Amino acid sequence: MSQLELSLLGSFQVLKNGYPVPHFPYEKVKALLVYLMVEAHAVHHRNALAVLLWSDQTESSARSNLRKALSMLRKILDDRDSAQPLLLTTRNTIQINANHNYTVDVAAFTAHFKAATTHSHSSTDLCLDCVEHLEQAIALYQKEFLSNFALSECDRFEDWLACTREHLHQQAVEVCTQLTTHFEHQQKWNRAKFYAKRQLELEPWNEGAHQALMRALVMDGQRNAALIQYDRCRQILSAELEVEPEYATIALYEQIQNGYFSPINRLPFLSIEQPDAIPSLQIPAQLQASEEPDLVPSPIHSEPVHSATLISNEPIHQSSIRQSSKDRNRMIQKVQSFWIKGVFERSLYESVLIDLELEEHPAALASSWTVEAQSPLSEPSQQCKGTILEVYDALVGTLLILGAPGSGKTTLLLELARSLIERAEQDPNQPIPVVFHLASWSIQSLPIDQWLVEELHDRYQVPRRLAQVWVNEAQVLPLLDGLDEVARSHRESCVEAINEFCKQSWLSNLVVCSRDADYEALTTCLQVQAAVMIQSPTIEQIDAYFSSCGEKLAGVRSLLQHHSGLRDLVNTPLMINILTLAYHGQSIEDVSPDVAPEHWQHTLFTAYVQRMLTRRSSNPAYPPERILTGLSWLARALKQHAQSTFLIERIQPSWLISEAQQRLLAISEIVVVALLLGLVGGLGVGIHAGLATGWNSGMTIWLQHGLRGMLTGLGVGSIAAIGTSAIVGWLTAIQMNTKYQQQRIWYAARLGLAAGGQGISVGIMLGLEFGLGDMLITGFGVGLTAWRFLCPSQITLLEAWGWSWKQMHRGIVPGIVLGASSAIMNGLVYGAMYGAIIGPIVFLLTLIGFGLTSSEIETKILPNQGIRRSGRSALQMSLFMGIPFGIAHAVGYGLTLDWAGAIGNGLSAGLVGCTTLWLMCGGLTCIQHLIIRVFLWKAGVAPWNYAEFLDHAAEQMFLQKVGGGYLFVHRLLLDHFAIAALEP
């Protein structure tokens, strides 16, 4: 059997039988092999791998590229006809063959690290086996994981790569810390120095490592070297972080400098198995006699030690701790605001009590449930006592909540969420309970851990890297609602994915909700520790409830007595509430008795809808027919897109009613960009041409020339804009049905071509060379920005901006290209000074554009808040970068030619720059949203003041308003409206 060796800790290298494997044709084949080998313990769905590496393409294109990459990989590894192939594939999955003869340095490193860190000891020091494991681990860690390897166009793979790289890096740092501490304890100073230096290679700014190296040097009799090491530490901290050394480092330096620290004063070291303890350094009697500092109790010794001598072996990054706590608190507040205050505390049952002025009778409809424990140690079925939190705590693991439609499954889940949130607020070590709707799982059918990351990003606006850390470290407790809402064809696969997640993430607890009938129809069971079945109210409880409500519900009681089909239907809290609201105050004569048993649910919901439309507050702008049409469309759209919460700003092109509207949207957004930039470009170049005549004839004439040039430029720009928009719109129309329609490159090219059209105005008024250069630079810059931030056929909200140094590095090459092109073009036309000023400015702005990224978890409390934030952030970013761009052009022109024309040139460049940046940084998002809203308004399904309409529907008790979003009061009501949309 052939031997395969994969080296990833450093540069990528593959050896087969000791010989290098031939060159890989392209980087994604490498990435596929790397991901499969590092995640060799898992079975990977093809859809997940396709999304990982080709997320910018359609599902069919991504799957096709995956098949090609897999075939190429098998050919490179000569794995097709092997008796024990490395890759085991099925139609839907790919995994690594555990019986194949292969080694991966990452797996070996992790195994050594785990063997050392999980080994128990009778003493507090490392044993010889642990030391050997740690030394072998750090010997394997030559450089960081896949150094110099990147797939800039694959954000999800890059996120995985960054998380894995950081995780392995932290483990390597921990290995060095443990070995350094161990050899200090053993007084083997040469070994301690070696591993302290190794740690500094990994983290030059790590003060704990600098302190350890200083101690080892002075203990080995190298006092001057220890003092020099302090100077290096100070220089590195100043250069890298712009901070001074910690007080503990300064105190150690002063002790060594003054001769207080010597080999005679032995250091009481700590075991690495006690990371919270802080090692102390003894102070000679000379220092104690001079001044008595405050005393701080030591975590180990009963006697006090001086605070001036506390030296930590590991630096504490307070800013990271604060940011982590800030993100955690924001997430807790978001879940509490949305699900607890917005949904749980505004349940339909509470609305019934308030609306009809009824009294609450908890004993009449007391919640009860039965536990069906799957553990062999428990009884097969037993009645639960206590709160749902007490039941959850008793099980300590995974829990399944079952019940009939409307029985209160989600309410019980949110009651548990409320209790777990209170616990998480009090204890930062507790995971954050987060509610997820499983309905969206079937869209991409990802592994649950990846799906959780995507849901945290899409639904809760958590940055993907932070979400990945939370999921990997079990800092999130998933509360999965609506297993029965997963498409029936995907439901079995979803259960298998949840079971696989429970196996791989055994530290993570989770709770799942499902309708009992849908769950019992499955052939695969969830591997949970217990299932809670919510019991229906008894007939006696229902009768007692309606009897306690008095004469207002006398008609309801009579209705139940005469219609057994209705009595069979009204066996859940939801249906009881719907019945109460629908027929409150009515007699039996007011209700038609001729209803077939199978039609009672439709009849009941229809009566509920009609009652809410007539008895609640009315709005002349929204007659009943318009409300029914709007809610029916909304219900159908939510079901089609597997969503439960509706946010106005999340309306996507796929929500449009017809393909013709989607085609018209794609054309319209390109036309708007071409028109806007064409008009602005013509206006700007007109101002420049007019003011360039100079002010020698007087300021009045100079301004008149500027006004005349502005009007001329506006006319020329209009013609150029119309021509460009017609050409690009036609190209968009003929490309709609090709396989490239969804690709980001073609989308960016269309936008770049539309923006570059404003160079026509420049060419007409200033000359061909000016226009051609402007067209190329503007088109390339806009296309690059669109490729960086926007996605085709999708509205991308750009609400908050952060900064990423890693992302900025990717902009170096494009920045050089754009900066050099601008410098050369402007230098040839205006002069070398002009080019020397513009080139660096364009390079700097390109780097800033690449470094910008989404930063924080945003909480939406107002309808359509995301669009308003996108517009506001677009304006801020356009002014932030557009104004310096205009000033640079003015200064360059003034220093090279004259200051009269410089003003016009600066205004022109600033106007075009600000407009372009506004479009790319959020303005285009607002335009796309506006066009979609116009189409839906014209179709009669979404009123123009959509937030007012949805608020009115919430007042009618059809929807719940939660923060900036809306929910139907129950899924059964959503289903009723969705079916009504299909009825003639």
# chains A, B, ... in the order shown; residues from 1 in each chain; ligands from 1
$ select_by_dssp --residues "range 468-691 of chain A" --states "alpha helix (DSSP H)" --output "PyMOL selection string"
chain A and resi 468-472+488-504+516-520+539-548+554-562+564-569+573-583+600-615+624-640+659-691
$ residues_around --residues "range 935-941 of chain A" --least-positions-apart "6" --cutoff "8 Å" --atoms "only C-alpha atoms" --output "list of chain:residue names"
A:Arg626, A:Thr629, A:Gly630, A:Trp633, A:Leu656, A:Ile657, A:Gln661
$ write_last_selection --atoms "all heavy atoms" --output "mmCIF file, in the first residue's frame"
data_model
loop_
_atom_site.group_PDB
_atom_site.id
_atom_site.type_symbol
_atom_site.label_atom_id
_atom_site.label_comp_id
_atom_site.auth_asym_id
_atom_site.auth_seq_id
_atom_site.Cartn_x
_atom_site.Cartn_y
_atom_site.Cartn_z
ATOM 1 N N ARG A 626 -57.439 44.443 0.778
ATOM 2 C CA ARG A 626 -56.016 44.751 0.609
ATOM 3 C C ARG A 626 -55.177 44.058 1.683
ATOM 4 O O ARG A 626 -54.068 43.591 1.412
ATOM 5 C CB ARG A 626 -55.812 46.265 0.678
ATOM 6 C CG ARG A 626 -54.444 46.717 0.190
ATOM 7 C CD ARG A 626 -54.381 48.223 0.096
ATOM 8 N NE ARG A 626 -53.122 48.638 -0.506
ATOM 9 C CZ ARG A 626 -52.757 49.908 -0.666
ATOM 10 N NH1 ARG A 626 -53.587 50.878 -0.296
ATOM 11 N NH2 ARG A 626 -51.589 50.216 -1.206
ATOM 12 N N THR A 629 -54.926 40.363 0.695
ATOM 13 C CA THR A 629 -53.994 40.181 -0.430
ATOM 14 C C THR A 629 -52.545 40.307 0.022
ATOM 15 O O THR A 629 -51.691 39.476 -0.329
ATOM 16 C CB THR A 629 -54.283 41.220 -1.525
ATOM 17 O OG1 THR A 629 -55.630 41.071 -1.977
ATOM 18 C CG2 THR A 629 -53.328 41.048 -2.701
ATOM 19 N N GLY A 630 -52.277 41.344 0.820
ATOM 20 C CA GLY A 630 -50.897 41.559 1.275
ATOM 21 C C GLY A 630 -50.402 40.448 2.181
ATOM 22 O O GLY A 630 -49.266 39.973 2.036
ATOM 23 N N TRP A 633 -49.807 37.132 0.185
ATOM 24 C CA TRP A 633 -48.523 37.131 -0.529
ATOM 25 C C TRP A 633 -47.354 36.955 0.430
ATOM 26 O O TRP A 633 -46.417 36.195 0.167
ATOM 27 C CB TRP A 633 -48.369 38.438 -1.307
ATOM 28 C CG TRP A 633 -46.988 38.575 -1.887
ATOM 29 C CD1 TRP A 633 -46.517 38.025 -3.042
ATOM 30 C CD2 TRP A 633 -45.874 39.271 -1.294
ATOM 31 N NE1 TRP A 633 -45.196 38.336 -3.223
ATOM 32 C CE2 TRP A 633 -44.773 39.096 -2.161
ATOM 33 C CE3 TRP A 633 -45.710 40.018 -0.128
ATOM 34 C CZ2 TRP A 633 -43.533 39.654 -1.894
ATOM 35 C CZ3 TRP A 633 -44.464 40.574 0.135
ATOM 36 C CH2 TRP A 633 -43.394 40.383 -0.741
ATOM 37 N N LEU A 656 -39.710 38.744 -5.938
ATOM 38 C CA LEU A 656 -40.567 39.330 -6.955
ATOM 39 C C LEU A 656 -41.494 38.273 -7.545
ATOM 40 O O LEU A 656 -41.170 37.087 -7.598
ATOM 41 C CB LEU A 656 -39.715 39.968 -8.051
ATOM 42 C CG LEU A 656 -38.924 41.215 -7.616
ATOM 43 C CD1 LEU A 656 -37.991 41.661 -8.716
ATOM 44 C CD2 LEU A 656 -39.868 42.342 -7.212
ATOM 45 N N ILE A 657 -42.639 38.713 -8.014
ATOM 46 C CA ILE A 657 -43.708 37.799 -8.395
ATOM 47 C C ILE A 657 -43.375 37.012 -9.658
ATOM 48 O O ILE A 657 -43.708 35.836 -9.768
ATOM 49 C CB ILE A 657 -45.030 38.579 -8.561
ATOM 50 C CG1 ILE A 657 -45.463 39.133 -7.201
ATOM 51 C CG2 ILE A 657 -46.114 37.714 -9.171
ATOM 52 C CD1 ILE A 657 -46.705 39.992 -7.250
ATOM 53 N N GLN A 661 -40.138 40.441 -13.803
ATOM 54 C CA GLN A 661 -39.777 41.499 -12.859
ATOM 55 C C GLN A 661 -38.321 41.357 -12.418
ATOM 56 O O GLN A 661 -37.612 42.356 -12.264
ATOM 57 C CB GLN A 661 -40.705 41.450 -11.655
ATOM 58 C CG GLN A 661 -42.114 41.945 -11.922
ATOM 59 C CD GLN A 661 -42.956 41.974 -10.674
ATOM 60 O OE1 GLN A 661 -42.657 41.333 -9.667
ATOM 61 N NE2 GLN A 661 -44.047 42.734 -10.720
#
$ residues_around --residues "Arg464 in chain A" --least-positions-apart "5" --cutoff "9 Å" --atoms "only C-alpha atoms" --output "VMD selection string"
chain A and resid 156 159 453 to 454 456 to 457 469
$ closest_residue --among "A:Ile388, A:Ala108, A:Ile841, A:Val782" --to "Ile816 in chain A" --atoms "only C-alpha atoms"
A:Ile841
$ atom_distance --atom1 "CA of Phe780 in chain A" --atom2 "CA of Gly835 in chain A"
18.3 Å
$ closest_residue --among "A:Leu707, A:Ala942, A:Ala978, A:Leu579" --to "Tyr622 in chain A" --atoms "only C-alpha atoms"
A:Ala942
$ select_by_dssp --residues "range 775-835 of chain A" --states "strand (DSSP E or B)" --output "VMD selection string"
chain A and resid 791 794 802 to 803
$ write_last_selection --atoms "C-alpha atoms" --output "short mmCIF file (atom, residue, chain, number, x, y, z; two decimals), in the first residue's frame"
data_model
loop_
_atom_site.label_atom_id
_atom_site.label_comp_id
_atom_site.auth_asym_id
_atom_site.auth_seq_id
_atom_site.Cartn_x
_atom_site.Cartn_y
_atom_site.Cartn_z
CA CYS A 791 -23.37 39.79 -4.79
CA GLN A 794 -28.94 39.59 -3.93
CA GLY A 802 -15.10 47.67 10.77
CA TRP A 803 -11.47 47.12 9.86
#
$ atom_distance --atom1 "CA of Cys233 in chain A" --atom2 "CA of Ser147 in chain A"
25.2 Å
$ residues_around --residues "range 11-24 of chain A" --least-positions-apart "2" --cutoff "10 Å" --atoms "only C-alpha atoms" --output "VMD selection string"
chain A and resid 1 to 9 26 to 30 34 72 to 73 76 to 78 102 to 104 142 to 149
$ residues_around --residues "Ala31 in chain A" --least-positions-apart "4" --cutoff "10 Å" --atoms "only C-alpha atoms" --output "list in words"
Tyr26, Glu27, Tyr35, Leu36, Met37, Leu52, Leu53, Ala69, Phe149, Ala150, Leu151, Phe157 and Leu161 of chain A
$ write_last_selection --atoms "all heavy atoms" --output "short mmCIF file (atom, residue, chain, number, x, y, z; two decimals), in the first residue's frame"
data_model
loop_
_atom_site.label_atom_id
_atom_site.label_comp_id
_atom_site.auth_asym_id
_atom_site.auth_seq_id
_atom_site.Cartn_x
_atom_site.Cartn_y
_atom_site.Cartn_z
N TYR A 26 -4.60 23.90 -9.85
CA TYR A 26 -5.05 25.18 -9.32
C TYR A 26 -5.34 25.05 -7.83
O TYR A 26 -5.45 23.95 -7.27
CB TYR A 26 -6.26 25.75 -10.09
CG TYR A 26 -7.51 24.91 -10.07
CD1 TYR A 26 -8.55 25.20 -9.19
CD2 TYR A 26 -7.68 23.87 -10.97
CE1 TYR A 26 -9.71 24.45 -9.19
CE2 TYR A 26 -8.85 23.11 -10.97
CZ TYR A 26 -9.86 23.41 -10.08
OH TYR A 26 -11.01 22.68 -10.08
N GLU A 27 -5.44 26.20 -7.18
CA GLU A 27 -5.41 26.26 -5.72
C GLU A 27 -6.61 25.58 -5.07
O GLU A 27 -6.51 25.06 -3.96
CB GLU A 27 -5.35 27.72 -5.26
CG GLU A 27 -4.06 28.44 -5.64
CD GLU A 27 -2.84 27.81 -5.00
OE1 GLU A 27 -2.59 28.07 -3.82
OE2 GLU A 27 -2.16 27.02 -5.69
N TYR A 35 -8.85 20.59 3.26
CA TYR A 35 -10.05 20.57 4.11
C TYR A 35 -10.47 19.14 4.45
O TYR A 35 -10.79 18.84 5.60
CB TYR A 35 -11.19 21.30 3.40
CG TYR A 35 -12.43 21.43 4.24
CD1 TYR A 35 -12.53 22.41 5.23
CD2 TYR A 35 -13.51 20.56 4.07
CE1 TYR A 35 -13.68 22.53 6.01
CE2 TYR A 35 -14.65 20.67 4.84
CZ TYR A 35 -14.73 21.66 5.81
OH TYR A 35 -15.85 21.77 6.59
N LEU A 36 -10.45 18.26 3.47
CA LEU A 36 -10.85 16.87 3.73
C LEU A 36 -9.88 16.19 4.69
O LEU A 36 -10.31 15.42 5.58
CB LEU A 36 -10.90 16.10 2.41
CG LEU A 36 -12.03 16.49 1.44
CD1 LEU A 36 -11.86 15.75 0.11
CD2 LEU A 36 -13.38 16.17 2.05
N MET A 37 -8.59 16.45 4.56
CA MET A 37 -7.59 15.78 5.42
C MET A 37 -7.62 16.32 6.84
O MET A 37 -7.50 15.56 7.80
CB MET A 37 -6.20 15.94 4.81
CG MET A 37 -6.03 15.28 3.46
SD MET A 37 -6.24 13.49 3.49
CE MET A 37 -4.64 12.97 4.09
N LEU A 52 -18.57 25.78 0.27
CA LEU A 52 -17.31 26.20 0.90
C LEU A 52 -16.36 26.81 -0.12
O LEU A 52 -15.71 27.83 0.17
CB LEU A 52 -16.66 25.00 1.58
CG LEU A 52 -15.34 25.25 2.30
CD1 LEU A 52 -15.58 26.03 3.58
CD2 LEU A 52 -14.64 23.93 2.62
N LEU A 53 -16.28 26.22 -1.30
CA LEU A 53 -15.27 26.64 -2.27
C LEU A 53 -15.82 27.42 -3.45
O LEU A 53 -15.08 28.13 -4.14
CB LEU A 53 -14.53 25.40 -2.81
CG LEU A 53 -13.70 24.64 -1.76
CD1 LEU A 53 -13.17 23.35 -2.35
CD2 LEU A 53 -12.56 25.49 -1.24
N ALA A 69 -12.97 19.07 -9.64
CA ALA A 69 -11.85 19.14 -8.71
C ALA A 69 -11.58 17.79 -8.08
O ALA A 69 -10.42 17.39 -7.89
CB ALA A 69 -12.13 20.19 -7.63
N PHE A 149 -0.79 30.69 2.05
CA PHE A 149 -1.85 30.08 1.22
C PHE A 149 -3.14 30.83 1.47
O PHE A 149 -3.51 31.08 2.62
CB PHE A 149 -2.03 28.60 1.57
CG PHE A 149 -3.05 27.91 0.70
CD1 PHE A 149 -2.68 27.39 -0.53
CD2 PHE A 149 -4.37 27.78 1.10
CE1 PHE A 149 -3.61 26.76 -1.34
CE2 PHE A 149 -5.30 27.16 0.29
CZ PHE A 149 -4.92 26.63 -0.93
N ALA A 150 -3.84 31.19 0.39
CA ALA A 150 -5.09 31.93 0.54
C ALA A 150 -5.94 31.74 -0.70
O ALA A 150 -5.42 31.52 -1.80
CB ALA A 150 -4.83 33.42 0.77
N LEU A 151 -7.25 31.79 -0.50
CA LEU A 151 -8.23 31.81 -1.60
C LEU A 151 -9.08 33.06 -1.40
O LEU A 151 -10.10 33.02 -0.72
CB LEU A 151 -9.10 30.55 -1.60
CG LEU A 151 -8.43 29.23 -1.98
CD1 LEU A 151 -9.42 28.09 -1.87
CD2 LEU A 151 -7.85 29.29 -3.38
N PHE A 157 -14.14 29.50 2.97
CA PHE A 157 -12.91 28.74 3.18
C PHE A 157 -11.89 29.59 3.92
O PHE A 157 -11.18 29.08 4.80
CB PHE A 157 -12.33 28.29 1.84
CG PHE A 157 -11.05 27.51 1.98
CD1 PHE A 157 -11.08 26.16 2.29
CD2 PHE A 157 -9.82 28.14 1.85
CE1 PHE A 157 -9.90 25.44 2.44
CE2 PHE A 157 -8.64 27.43 2.00
CZ PHE A 157 -8.67 26.08 2.30
N LEU A 161 -10.07 28.65 7.29
CA LEU A 161 -8.61 28.66 7.33
C LEU A 161 -8.10 29.55 8.47
O LEU A 161 -7.19 29.16 9.22
CB LEU A 161 -8.07 29.16 5.99
CG LEU A 161 -6.54 29.26 5.83
CD1 LEU A 161 -5.90 27.90 5.98
CD2 LEU A 161 -6.19 29.89 4.49
#
$ atom_distance --atom1 "CA of Thr915 in chain A" --atom2 "CA of Arg663 in chain A"
25.4 Å
$ residues_around --residues "Glu649 in chain A" --least-positions-apart "5" --cutoff "8 Å" --atoms "only C-alpha atoms" --output "ChimeraX atom specification"
/A:863-867,929
$ closest_residue --among "A:Val495, A:Ile903, A:Val934, A:Ile96" --to "Asp79 in chain A" --atoms "only C-alpha atoms"
A:Ile96
$ residues_around --residues "His970 in chain A" --least-positions-apart "3" --cutoff "9 Å" --atoms "only C-alpha atoms" --output "ChimeraX atom specification"
/A:348,406,574,958-959,967,973-975
$ closest_residue --among "A:Pro245, A:Pro433, A:Gly827, A:Gly886" --to "Asn206 in chain A" --atoms "only C-alpha atoms"
A:Pro245
